[in-house]
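Colleague: Below is a structure I'd like to ask you about.
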Amino acid sequence: MSSVIEVANVSKAFGPKVVLKNVNIEVEQGESLVIMGGSGTGKTVLLRIIMGLLAPDSGQITIDGKVIQEISIPELFEVRKQIGMCFQMAALFDSMSVFENVAFALKRHTKMTQKEIAVRVDECLAMVGLRGSDKLKPSELSGGMKRRVGFARAIALKPKILLFDEPTTGLDPVMTDVIGRIILDLKHELGVTSITITHDLKSAFMIADRVALIFQGECLAIEKPEAFKVNPNPVIQQFLRGDAEGPFLQDPPPPKRTRQEANL
Amino acid sequence: MLKLFNQVGGSLMEFFSQAGDFTVISTRAIRAILKRPFDFENLMRQFVAVGVNSIPVVLLTGVAVSMVFAVQLAFGFKQFQAQGLASSVEGLAVVRELAPVITGLMMSGRIGSAMAAELGTMQVTEQIDALECLATDPIHYLFVPRLLAALVMLPLLTGLAIYVGYWGGYLILVNVEGQSAYTFASEFYKLIGTRDLRIALTKAMVFGLIIALVGCWRGYRTRGGAEGVGNAPTSSVVTSSLWILVTDFFLTKLMLV
Ligand SMILES: Nc1ncnc2c1ncn2[C@@H]1O[C@H](COP(=O)(O)OP(=O)(O)O)[C@@H](O)[C@H]1O
Ligand SMILES: [Mg+2]
């Protein structure tokens with residue numbers, strides 16, 4: 001098997017609160033995996049464990065054959081150079097301009113000249129449709145622009161793996177589609193392996209080779225979109241319908257009223 | 001009773017785990033000083049933030065403290081008809097204690113707290129995680145320039161405080177108390193030698209080390225959103241001021257023998 005990312009039996013709890021229970025995920029070379037799940041089910045925690053920012057309580061992560069819980073700090077940084085991570089809130093360096101943000105890794109990890117760096121930054125910004133915004137500060141950008149600068153920063157080093165944490169949450173439907181296209185573009189142009197976390201079904205099915213659903217800390221299904229859509233599991237069907245009625249919520253939802261009833 | 005025991009034990013454990021964490025992080029920071037890549041641009045920015053921008057504060061406090069001390073000395077020695085001694089003791093006090101300690105305390109308020117607030121904000125907005133993900137060790141990238149800037153700038157600022165302290169004493173003892181300028185100049189340096197200057201600068205360097213490490217560490221370990229960012233500077237100032245005063249005592253004891 002040529003899996004690039006291998007999540008094996010990973011569990012994580014914060015104090016008494018169990019967030020991930022025995023999660024197993026494998027992502028193959030060039031594959032785009034979409035992970036869905038309700039808010040607060042540990043999707044971000046999973047990505048942070050994959051990046052080595054958090055240590056799992058048990059289980060291990062293997063990236064390109066290296067177990068990241070076992071390698072030394074310098075080796076870990078070498079592995080991270082191959083990975084681009086896009087944070088939920090973009091996490092841009094707010095003391096730097098857009099240009100400096102995107103150029104950050106290039107300046108530190110390559111021997112490129114100023115000119116070559118400028119060309120590469122321009123390329124990356126063009127890929128996310130932000131050419132010409134390089135002199136702005138993060139505080140001058142809208143939410144969608146911040147995310148896209150975050151993308152540009154993550155792809156600057158031409159990583160082999162990209163991780164996206166809710167790239168479309170909080171954006172309007174049009175911008176959501178734009179971001180979905182950017183992710184597809186990156187996949188085609190760079191041939192990257194990617195994991196994308198999203199709640200947005202439309203963009204999920206647009207970019208996914210396989211879809212996974214995390215529910216109560218467990219990975220319910222990991223399969224091709226066509227199979228996922230017809231999976232008989234009631235939790236998955238409820239999630240796909242976007243309905244409050246069903247096993248998905250632990251607490252029962254408020255009663256359903258029609259609009260006329262509510263206007264009484 | 002058992003509950004009290006538990007609480008004391010808990011706080012003690014907390015204290016030791018914090019101290020352990022501080023030691024680990026500080027060691028990593030000091031060892032990272034020699035690591036590549038060397039970030040000249042960032043270092044210059046910190047030199048300006050720590051050194052150049054602190055000059056006004058150090059000028060003012062240096063003059064003010066040495067003036068008030070000179071007033072007290074003049075008054076005190078007048079009781080024994082020993083006004084001549086005031087200049088010598090003023091020199092001793094300014095060079096050995098007042099300049100380094102006051103500079104250290106002021107800087108812990110000015111730059112230590114700024115470091116804690118800046119790194120704290122970066123921590124809660126995930127910018128430090130972003131650094132990690134861009135294969136950059138935050139300890140190397142954030143701590144080292146601040147640490148170097150403090151190590152270099154604190155002695156320089158202390159030198160400045162000694163210099164303006166001399167003129168603060170001069171203003172009071174010569175212009176107000178009417179000693180001769182010549183006596184003041186020779187008496188000021190009478191009880192001190194180059195060794196004392198070395199003591200002052202060593203102290204300043206140690207204080208710089210404390211300020212930068214405590215400030216950066218507090219910021220780096222910030223948890224819990226806006227409230228955490230609010231607490232980081234306060235606790236960094238309290239911790240580093242305390243350590244400045246404690247190490248001042250031991251350094252003085254050690255280096256005077
Ligand atoms: N550093 C942490 N300390 C304690 N609890 C945490 C921490 N990080 C995340 N959690 C908890 O883990 C759960 C999952 O969080 P997260 O992965 O961010 O959810 P999401 O799936 O929405 O991204 C949340 O309930 C959160 O309270
Ligand atoms: Mg999340």
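Simple scheme: letters A, B, ... for chains in structure tokens order, numbers from 1 for residues in each chain, numbers from 1 for ligands in the order shown.
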Hey, which bits of chain A sit within 8 Å of ligand 1, and for each residue what's the closest pair of atoms and how far apart in Å (one decimal), counting only C-alpha atoms and all ligand atoms, rows by chain and increasing number, as a Markdown table?
Modeller:
```
| residue | atom | partner | partner_atom_place_in_ligand_line | distance |
| --- | --- | --- | --- | --- |
| A:Ala13 | CA | ligand 1 | 12 (O) | 7.8 |
| A:Phe14 | CA | ligand 1 | 4 (C) | 5.0 |
| A:Gly15 | CA | ligand 1 | 4 (C) | 7.6 |
| A:Lys17 | CA | ligand 1 | 11 (C) | 7.6 |
| A:Val18 | CA | ligand 1 | 12 (O) | 8.0 |
| A:Val19 | CA | ligand 1 | 12 (O) | 5.5 |
| A:Gly37 | CA | ligand 1 | 21 (O) | 6.7 |
| A:Gly38 | CA | ligand 1 | 21 (O) | 6.4 |
| A:Ser39 | CA | ligand 1 | 22 (O) | 3.8 |
| A:Gly40 | CA | ligand 1 | 19 (O) | 3.3 |
| A:Thr41 | CA | ligand 1 | 21 (O) | 4.0 |
| A:Gly42 | CA | ligand 1 | 17 (O) | 3.1 |
| A:Lys43 | CA | ligand 1 | 21 (O) | 3.7 |
| A:Thr44 | CA | ligand 1 | 17 (O) | 3.6 |
| A:Val45 | CA | ligand 1 | 17 (O) | 3.9 |
| A:Leu46 | CA | ligand 1 | 17 (O) | 6.5 |
| A:Asp165 | CA | ligand 1 | 23 (O) | 7.7 |
```
Colleague: Could you please tell me, as a ChimeraX atom specification, which residues of chain A have an atom within 7 Å of chain B when using only C-alpha atoms?
Modeller: /A:77-78,80-81,85,91-93,105,108
Colleague: Got a sec: who's within 8 Å of Leu73 in chain B, counting only C-alpha atoms, leaving out chain neighbours fewer than 4 positions off, as an NGL selection string?
Modeller: :B and (69 or 77 or 86 or 89-90)
Colleague: Go ahead and save the residues from that selection, with all heavy atoms, as a PDB file, in the first residue's frame.
Modeller:
```pdb
ATOM      1  N   PHE B  69      18.097  60.294  45.472  1.00  0.00           N
ATOM      2  CA  PHE B  69      19.062  59.655  46.362  1.00  0.00           C
ATOM      3  C   PHE B  69      20.098  60.669  46.843  1.00  0.00           C
ATOM      4  O   PHE B  69      20.486  60.673  48.017  1.00  0.00           O
ATOM      5  CB  PHE B  69      19.740  58.486  45.641  1.00  0.00           C
ATOM      6  CG  PHE B  69      20.333  57.495  46.583  1.00  0.00           C
ATOM      7  CD1 PHE B  69      19.518  56.727  47.414  1.00  0.00           C
ATOM      8  CD2 PHE B  69      21.701  57.317  46.657  1.00  0.00           C
ATOM      9  CE1 PHE B  69      20.063  55.809  48.289  1.00  0.00           C
ATOM     10  CE2 PHE B  69      22.258  56.399  47.541  1.00  0.00           C
ATOM     11  CZ  PHE B  69      21.429  55.641  48.358  1.00  0.00           C
ATOM     12  N   PHE B  77      24.097  63.001  55.536  1.00  0.00           N
ATOM     13  CA  PHE B  77      25.477  63.247  55.931  1.00  0.00           C
ATOM     14  C   PHE B  77      25.653  64.601  56.607  1.00  0.00           C
ATOM     15  O   PHE B  77      26.605  64.815  57.353  1.00  0.00           O
ATOM     16  CB  PHE B  77      26.419  63.115  54.732  1.00  0.00           C
ATOM     17  CG  PHE B  77      26.712  61.671  54.402  1.00  0.00           C
ATOM     18  CD1 PHE B  77      26.303  61.122  53.215  1.00  0.00           C
ATOM     19  CD2 PHE B  77      27.408  60.883  55.315  1.00  0.00           C
ATOM     20  CE1 PHE B  77      26.550  59.796  52.929  1.00  0.00           C
ATOM     21  CE2 PHE B  77      27.672  59.559  55.027  1.00  0.00           C
ATOM     22  CZ  PHE B  77      27.246  59.004  53.836  1.00  0.00           C
ATOM     23  N   ALA B  86      28.940  62.437  50.767  1.00  0.00           N
ATOM     24  CA  ALA B  86      27.722  62.216  49.969  1.00  0.00           C
ATOM     25  C   ALA B  86      28.057  61.831  48.532  1.00  0.00           C
ATOM     26  O   ALA B  86      27.485  60.881  47.978  1.00  0.00           O
ATOM     27  CB  ALA B  86      26.856  63.465  49.993  1.00  0.00           C
ATOM     28  N   VAL B  89      29.361  58.135  48.260  1.00  0.00           N
ATOM     29  CA  VAL B  89      28.315  57.132  48.466  1.00  0.00           C
ATOM     30  C   VAL B  89      27.327  57.160  47.299  1.00  0.00           C
ATOM     31  O   VAL B  89      26.846  56.119  46.843  1.00  0.00           O
ATOM     32  CB  VAL B  89      27.603  57.375  49.810  1.00  0.00           C
ATOM     33  CG1 VAL B  89      26.459  56.381  49.988  1.00  0.00           C
ATOM     34  CG2 VAL B  89      28.590  57.230  50.953  1.00  0.00           C
ATOM     35  N   GLU B  90      27.050  58.358  46.801  1.00  0.00           N
ATOM     36  CA  GLU B  90      26.182  58.483  45.632  1.00  0.00           C
ATOM     37  C   GLU B  90      26.752  57.669  44.470  1.00  0.00           C
ATOM     38  O   GLU B  90      26.046  56.894  43.813  1.00  0.00           O
ATOM     39  CB  GLU B  90      26.058  59.964  45.229  1.00  0.00           C
ATOM     40  CG  GLU B  90      25.418  60.220  43.864  1.00  0.00           C
ATOM     41  CD  GLU B  90      23.901  60.294  43.925  1.00  0.00           C
ATOM     42  OE1 GLU B  90      23.347  60.174  45.033  1.00  0.00           O
ATOM     43  OE2 GLU B  90      23.279  60.446  42.854  1.00  0.00           O
TER      44      GLU B  90
END
```
Colleague: Please provide as a list in words all residues within 8 Å of Pro167 in chain A, with the sequence filter that same-chain residues fewer than 3 positions apart are discarded (counting only C-alpha atoms).
Modeller: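 That gives Cys86, Phe87, Gln88, Arg147, Phe164, Ile179, Thr196, Ile197 and Thr198 of chain A.
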Colleague: Go ahead and write the selection's residues with N, CA and C atoms as a PDB file, in the first residue's frame.
Modeller:
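Final file, result_31.pdb:
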```pdb
ATOM      1  N   CYS A  86      -3.592  24.671   6.329  1.00  0.00           N
ATOM      2  CA  CYS A  86      -4.417  25.876   6.284  1.00  0.00           C
ATOM      3  C   CYS A  86      -5.332  25.884   7.497  1.00  0.00           C
ATOM      4  N   PHE A  87      -5.134  26.874   8.354  1.00  0.00           N
ATOM      5  CA  PHE A  87      -5.880  26.908   9.610  1.00  0.00           C
ATOM      6  C   PHE A  87      -7.291  27.433   9.402  1.00  0.00           C
ATOM      7  N   GLN A  88      -8.155  27.037  10.349  1.00  0.00           N
ATOM      8  CA  GLN A  88      -9.552  27.464  10.308  1.00  0.00           C
ATOM      9  C   GLN A  88      -9.661  28.992  10.306  1.00  0.00           C
ATOM     10  N   ARG A 147      -8.244  33.514   4.340  1.00  0.00           N
ATOM     11  CA  ARG A 147      -8.140  32.087   4.070  1.00  0.00           C
ATOM     12  C   ARG A 147      -7.272  31.844   2.843  1.00  0.00           C
ATOM     13  N   PHE A 164      -6.538  21.078   4.979  1.00  0.00           N
ATOM     14  CA  PHE A 164      -7.408  22.257   5.048  1.00  0.00           C
ATOM     15  C   PHE A 164      -8.380  22.099   6.201  1.00  0.00           C
ATOM     16  N   ILE A 179     -13.391  28.672  -3.411  1.00  0.00           N
ATOM     17  CA  ILE A 179     -12.401  27.939  -2.614  1.00  0.00           C
ATOM     18  C   ILE A 179     -12.356  26.477  -3.042  1.00  0.00           C
ATOM     19  N   THR A 196      -9.273  17.476   3.671  1.00  0.00           N
ATOM     20  CA  THR A 196     -10.057  18.697   3.825  1.00  0.00           C
ATOM     21  C   THR A 196     -11.168  18.449   4.826  1.00  0.00           C
ATOM     22  N   ILE A 197     -11.284  19.366   5.765  1.00  0.00           N
ATOM     23  CA  ILE A 197     -12.400  19.284   6.714  1.00  0.00           C
ATOM     24  C   ILE A 197     -13.439  20.285   6.271  1.00  0.00           C
ATOM     25  N   THR A 198     -14.668  19.862   6.156  1.00  0.00           N
ATOM     26  CA  THR A 198     -15.689  20.822   5.772  1.00  0.00           C
ATOM     27  C   THR A 198     -17.064  20.348   6.226  1.00  0.00           C
TER      28      THR A 198
END
```
Colleague: Can you measure CA of Met115 in chain B to CA of Glu97 in chain B for me? One decimal in Å is fine.
Modeller: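 Those two atoms sit 25.3 Å apart.
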